[in-house]
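Below: input_32.cif (mmCIF, C-alpha atoms)
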data_model
#
loop_
_atom_site.label_atom_id
_atom_site.label_comp_id
_atom_site.auth_asym_id
_atom_site.auth_seq_id
_atom_site.Cartn_x
_atom_site.Cartn_y
_atom_site.Cartn_z
CA MET V 1279 2.85 4.71 12.18
CA ALA V 1280 4.22 2.74 9.25
CA ASP V 1281 7.99 2.59 8.93
CA LEU V 1282 8.98 2.81 5.29
CA THR V 1283 12.70 3.18 5.90
CA GLY V 1284 14.47 1.69 2.93
CA ALA V 1285 11.57 2.20 0.52
CA ARG V 1286 12.58 4.05 -2.64
CA VAL V 1287 9.82 5.92 -4.44
CA LEU V 1288 9.97 7.66 -7.80
CA MET V 1289 7.58 10.45 -8.75
CA ILE V 1290 7.46 11.80 -12.29
CA ALA V 1291 5.92 15.15 -13.17
CA THR V 1292 6.37 18.25 -15.29
CA ASP V 1293 4.89 21.74 -15.48
CA GLY V 1294 1.22 21.83 -14.64
CA PHE V 1295 1.18 19.17 -11.92
CA GLU V 1296 -1.57 19.51 -9.30
CA THR V 1297 0.40 20.93 -6.37
CA ALA V 1298 -1.33 18.96 -3.60
CA GLU V 1299 -1.06 15.70 -5.56
CA LEU V 1300 2.73 15.95 -5.65
CA PHE V 1301 3.59 17.57 -2.32
CA GLU V 1302 1.15 15.75 -0.01
CA PRO V 1303 2.02 12.16 -1.07
CA ARG V 1304 5.72 13.04 -1.03
CA LEU V 1305 5.47 14.44 2.50
CA ALA V 1306 3.42 11.45 3.69
CA LEU V 1307 6.02 9.01 2.33
CA GLU V 1308 9.08 10.93 3.54
CA SER V 1309 7.58 11.37 7.02
CA ARG V 1310 7.54 7.57 7.30
CA GLY V 1311 11.15 7.17 6.19
CA ALA V 1312 10.78 6.54 2.46
CA SER V 1313 13.26 8.10 0.06
CA VAL V 1314 11.38 9.99 -2.68
CA SER V 1315 12.99 11.17 -5.93
CA LEU V 1316 11.31 13.42 -8.48
CA ALA V 1317 12.09 13.01 -12.17
CA SER V 1318 10.97 15.31 -14.97
CA ILE V 1319 11.65 16.02 -18.61
CA LYS V 1320 14.48 18.38 -17.56
CA THR V 1321 15.99 19.21 -14.20
CA ASP V 1322 14.91 22.87 -14.32
CA PRO V 1323 12.30 23.84 -11.70
CA ILE V 1324 8.74 22.85 -12.65
CA HIS V 1325 5.61 24.72 -11.59
CA GLY V 1326 2.51 23.34 -9.98
CA GLU V 1327 -1.05 24.48 -10.42
CA HIS V 1328 -4.29 24.57 -8.51
CA ALA V 1329 -7.61 25.50 -10.12
CA GLY V 1330 -5.77 26.60 -13.26
CA GLU V 1331 -3.48 29.03 -11.42
CA LYS V 1332 0.29 28.55 -11.07
CA LEU V 1333 1.10 27.60 -7.50
CA GLY V 1334 4.58 26.65 -6.27
CA THR V 1335 7.63 25.16 -7.92
CA VAL V 1336 9.88 22.22 -7.23
CA THR V 1337 13.25 21.23 -8.67
CA PRO V 1338 13.43 17.66 -9.97
CA ASP V 1339 16.20 15.40 -8.70
CA LEU V 1340 16.86 13.85 -12.10
CA SER V 1341 15.73 13.67 -15.70
CA ILE V 1342 13.36 10.90 -16.79
CA ASP V 1343 16.11 9.90 -19.24
CA ASP V 1344 18.36 9.08 -16.25
CA VAL V 1345 15.81 6.89 -14.44
CA ASP V 1346 16.69 3.24 -13.86
CA THR V 1347 13.47 1.64 -12.62
CA ASP V 1348 15.49 -1.08 -10.84
CA ASP V 1349 16.48 1.63 -8.33
CA TYR V 1350 12.91 2.09 -7.05
CA ASP V 1351 10.17 0.16 -5.27
CA ALA V 1352 7.20 2.31 -6.31
CA LEU V 1353 6.07 4.94 -8.79
CA VAL V 1354 3.72 7.81 -7.86
CA LEU V 1355 2.12 9.86 -10.62
CA PRO V 1356 0.57 13.19 -9.56
CA GLY V 1357 -2.16 14.60 -11.75
CA GLY V 1358 -3.32 17.96 -12.88
CA VAL V 1359 -4.45 18.25 -16.49
CA ALA V 1360 -1.35 19.64 -18.22
CA ASN V 1361 1.23 17.50 -16.39
CA PRO V 1362 0.16 13.99 -17.47
CA ASP V 1363 -0.98 15.26 -20.86
CA ARG V 1364 2.56 16.56 -21.53
CA MET V 1365 4.31 13.64 -19.85
CA ARG V 1366 2.50 10.99 -21.92
CA MET V 1367 4.09 12.51 -25.04
CA TYR V 1368 7.57 11.47 -23.83
CA ASN V 1369 8.44 7.87 -24.70
CA ARG V 1370 10.73 7.43 -21.70
CA ALA V 1371 7.97 8.49 -19.27
CA VAL V 1372 5.61 5.93 -20.80
CA GLU V 1373 8.35 3.26 -20.71
CA ILE V 1374 8.95 3.96 -17.00
CA VAL V 1375 5.28 3.34 -16.24
CA ALA V 1376 5.27 0.11 -18.25
CA GLU V 1377 8.47 -1.13 -16.58
CA PHE V 1378 7.09 -0.59 -13.08
CA VAL V 1379 3.87 -2.43 -13.94
CA GLU V 1380 5.72 -5.29 -15.69
CA ASP V 1381 7.98 -5.69 -12.65
CA GLY V 1382 4.97 -5.92 -10.34
CA LYS V 1383 5.97 -2.82 -8.41
CA VAL V 1384 3.54 -0.38 -6.81
CA VAL V 1385 2.21 2.17 -9.31
CA ALA V 1386 -0.05 4.93 -7.96
CA ALA V 1387 -1.79 7.51 -10.17
CA ILE V 1388 -4.24 10.24 -9.21
CA CYS V 1389 -6.56 12.62 -11.07
CA HIS V 1390 -5.57 12.81 -14.78
CA ALA V 1391 -2.35 10.78 -14.22
CA PRO V 1392 -4.06 7.52 -15.26
CA TRP V 1393 -3.66 8.90 -18.80
CA LEU V 1394 -0.06 7.68 -18.45
CA LEU V 1395 -1.37 4.21 -17.56
CA VAL V 1396 -3.52 4.29 -20.72
CA GLU V 1397 -0.57 5.43 -22.83
CA ALA V 1398 1.59 2.63 -21.38
CA ASP V 1399 -1.17 0.13 -22.27
CA VAL V 1400 -1.35 -1.31 -18.75
CA VAL V 1401 -5.02 -0.86 -17.77
CA ASP V 1402 -6.67 -3.50 -19.97
CA GLY V 1403 -8.53 -5.84 -17.61
CA ARG V 1404 -7.77 -3.68 -14.55
CA THR V 1405 -10.18 -1.94 -12.20
CA VAL V 1406 -9.24 1.72 -11.80
CA THR V 1407 -10.50 5.20 -11.10
CA GLY V 1408 -9.40 8.66 -12.13
CA TYR V 1409 -10.77 12.13 -12.68
CA PRO V 1410 -14.32 11.73 -14.05
CA SER V 1411 -13.44 13.37 -17.38
CA ILE V 1412 -11.00 10.56 -18.26
CA ARG V 1413 -13.45 7.75 -17.50
CA THR V 1414 -14.11 7.09 -21.21
CA ASP V 1415 -10.37 7.03 -21.95
CA LEU V 1416 -9.86 4.42 -19.25
CA GLU V 1417 -12.82 2.31 -20.38
CA ASN V 1418 -11.74 2.52 -24.04
CA ALA V 1419 -8.33 1.19 -22.94
CA GLY V 1420 -10.04 -1.86 -21.43
CA ALA V 1421 -10.30 -0.84 -17.78
CA GLU V 1422 -13.30 -1.16 -15.50
CA TYR V 1423 -13.91 2.31 -14.03
CA ARG V 1424 -15.15 2.81 -10.47
CA ASP V 1425 -16.16 6.17 -9.03
CA GLU V 1426 -14.40 5.67 -5.67
CA ALA V 1427 -11.84 7.65 -3.66
CA VAL V 1428 -9.21 4.97 -4.17
CA VAL V 1429 -9.16 1.74 -6.16
CA VAL V 1430 -6.47 -0.87 -5.57
CA ASP V 1431 -6.04 -3.58 -8.21
CA ALA V 1432 -3.02 -5.73 -7.32
CA ASN V 1433 -0.02 -3.36 -7.55
CA MET V 1434 -1.99 -0.52 -9.19
CA ILE V 1435 -3.48 2.26 -7.04
CA THR V 1436 -5.67 5.00 -8.53
CA SER V 1437 -7.60 7.97 -7.13
CA ARG V 1438 -9.86 10.67 -8.58
CA LYS V 1439 -8.94 14.12 -7.23
CA PRO V 1440 -7.21 16.16 -4.50
CA SER V 1441 -9.90 15.44 -1.90
CA ASP V 1442 -9.00 11.73 -2.28
CA ILE V 1443 -5.35 12.31 -1.29
CA PRO V 1444 -5.72 10.92 2.29
CA ALA V 1445 -7.12 7.62 0.93
CA PHE V 1446 -4.53 7.64 -1.89
CA ASN V 1447 -1.66 8.14 0.57
CA ALA V 1448 -2.96 5.44 2.92
CA ALA V 1449 -3.18 2.94 0.04
CA ILE V 1450 0.36 3.72 -1.14
CA ILE V 1451 1.76 3.38 2.38
CA ALA V 1452 -0.07 0.08 2.95
CA ALA V 1453 1.17 -1.31 -0.39
CA LEU V 1454 4.76 -0.30 0.37
CA GLU V 1455 4.54 -1.82 3.85
CA ASP V 1456 3.38 -5.09 2.27
CA GLU V 1457 6.15 -4.91 -0.32
CA LEU V 1458 8.82 -4.30 2.33
CA VAL V 1459 7.52 -7.20 4.45
CA ASP V 1460 7.44 -9.52 1.42
CA GLU V 1461 11.00 -8.73 0.30
CA PRO V 1462 13.20 -11.76 0.82
CA GLU V 1463 15.90 -11.37 3.40
CA ASP V 1464 19.47 -11.86 2.26
CA GLU V 1465 20.25 -15.52 2.65
CA PRO V 1466 23.05 -16.36 5.06
CA ALA V 1467 26.33 -17.38 3.48
CA ARG V 1468 26.71 -21.12 3.06
CA HIS V 1469 29.99 -22.74 3.97
#
Since I need it in another form, could you write the structure as structure tokens?
Amino acid sequence: MADLTGARVLMIATDGFETAELFEPRLALESRGASVSLASIKTDPIHGEHAGEKLGTVTPDLSIDDVDTDDYDALVLPGGVANPDRMRMYNRAVEIVAEFVEDGKVVAAICHAPWLLVEADVVDGRTVTGYPSIRTDLENAGAEYRDEAVVVDANMITSRKPSDIPAFNAAIIAALEDELVDEPEDEPARH
């Protein structure tokens, strides 16, 4: 089992997130030792959904306005329809996505969450997937769309729907393992 001790992962979501797409990746990462923080528009509890019905709540750890992307190694964006549609209207959420991509950090988005990648203008020339209904949005933003459970393009990981979560989680874990292995060790002091 992968040891992700020391990995710091940020998730951003708001009301209307797909419950499984937030809780399952978070559990998979935490069970391997990663530290996962959830940021939202406010720090009040947010509600999840499944099949259009409210299902479960979670309390964010911090506001998106308080996020310093330098504090994290990866960004995970759960889907649902309402969650990314609301989140892409907040400039700071879009800036967070762009900063992670610009810094070459792992960015993983599932279902409708690639809308945030489109809004951040980071999919042009990339190969991605997402929920079938956002295919045209992704292609219009310059991406090549593939109808696959998970698509990895450099540091960007995308998946289509809740049934893809096992492949999505495996790709995130593998990318974080690679990132942790590639991190330079502190150089010994020179005398």
- Query: Written as a PyMOL selection string, which residues does the PyMOL selection byres ((chain V and resi 1396) around 10) give for the file shown?
  - Reply: chain V and resi 1366+1372+1375+1391-1395+1397-1402+1415-1421
- Message: Residues within 9 Å of Ala1432 of chain V, please, as number ranges by chain. Count only C-alpha atoms; anything in the same chain fewer than 6 positions from it doesn't count.
- Response: V: 1382, 1384, 1404
- Task: Step by step, work through what the PyMOL selection byres ((chain V and resi 1344-1346) around 9) selects in the shown file, and finish by giving those residues as a list in words.
- Result: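 The output of the PyMOL selection byres ((chain V and resi 1344-1346) around 9) on this file is Leu1288, Ala1317, Leu1340, Ser1341, Ile1342, Asp1343, Thr1347, Asp1348, Asp1349, Tyr1350, Arg1370 and Ile1374 of chain V.
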- Item | Hits of the PyMOL selection byres ((chain V and resi 1311) around 8) in this structure, as number ranges by chain | V: 1281-1285, 1307-1310, 1312-1313
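Residue nearest Val1287 of chain V, chosen from V:Asp1351, V:Asp1322, V:Glu1299, V:Asp1339 and counting only C-alpha atoms: V:Asp1351.
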- Query: So, counting all atoms listed in the file, which residue among V:Gly1357, V:Ala1280, V:Met1434, V:Glu1422 is closest to Ala1376 of chain V?
  - Reply: V:Met1434
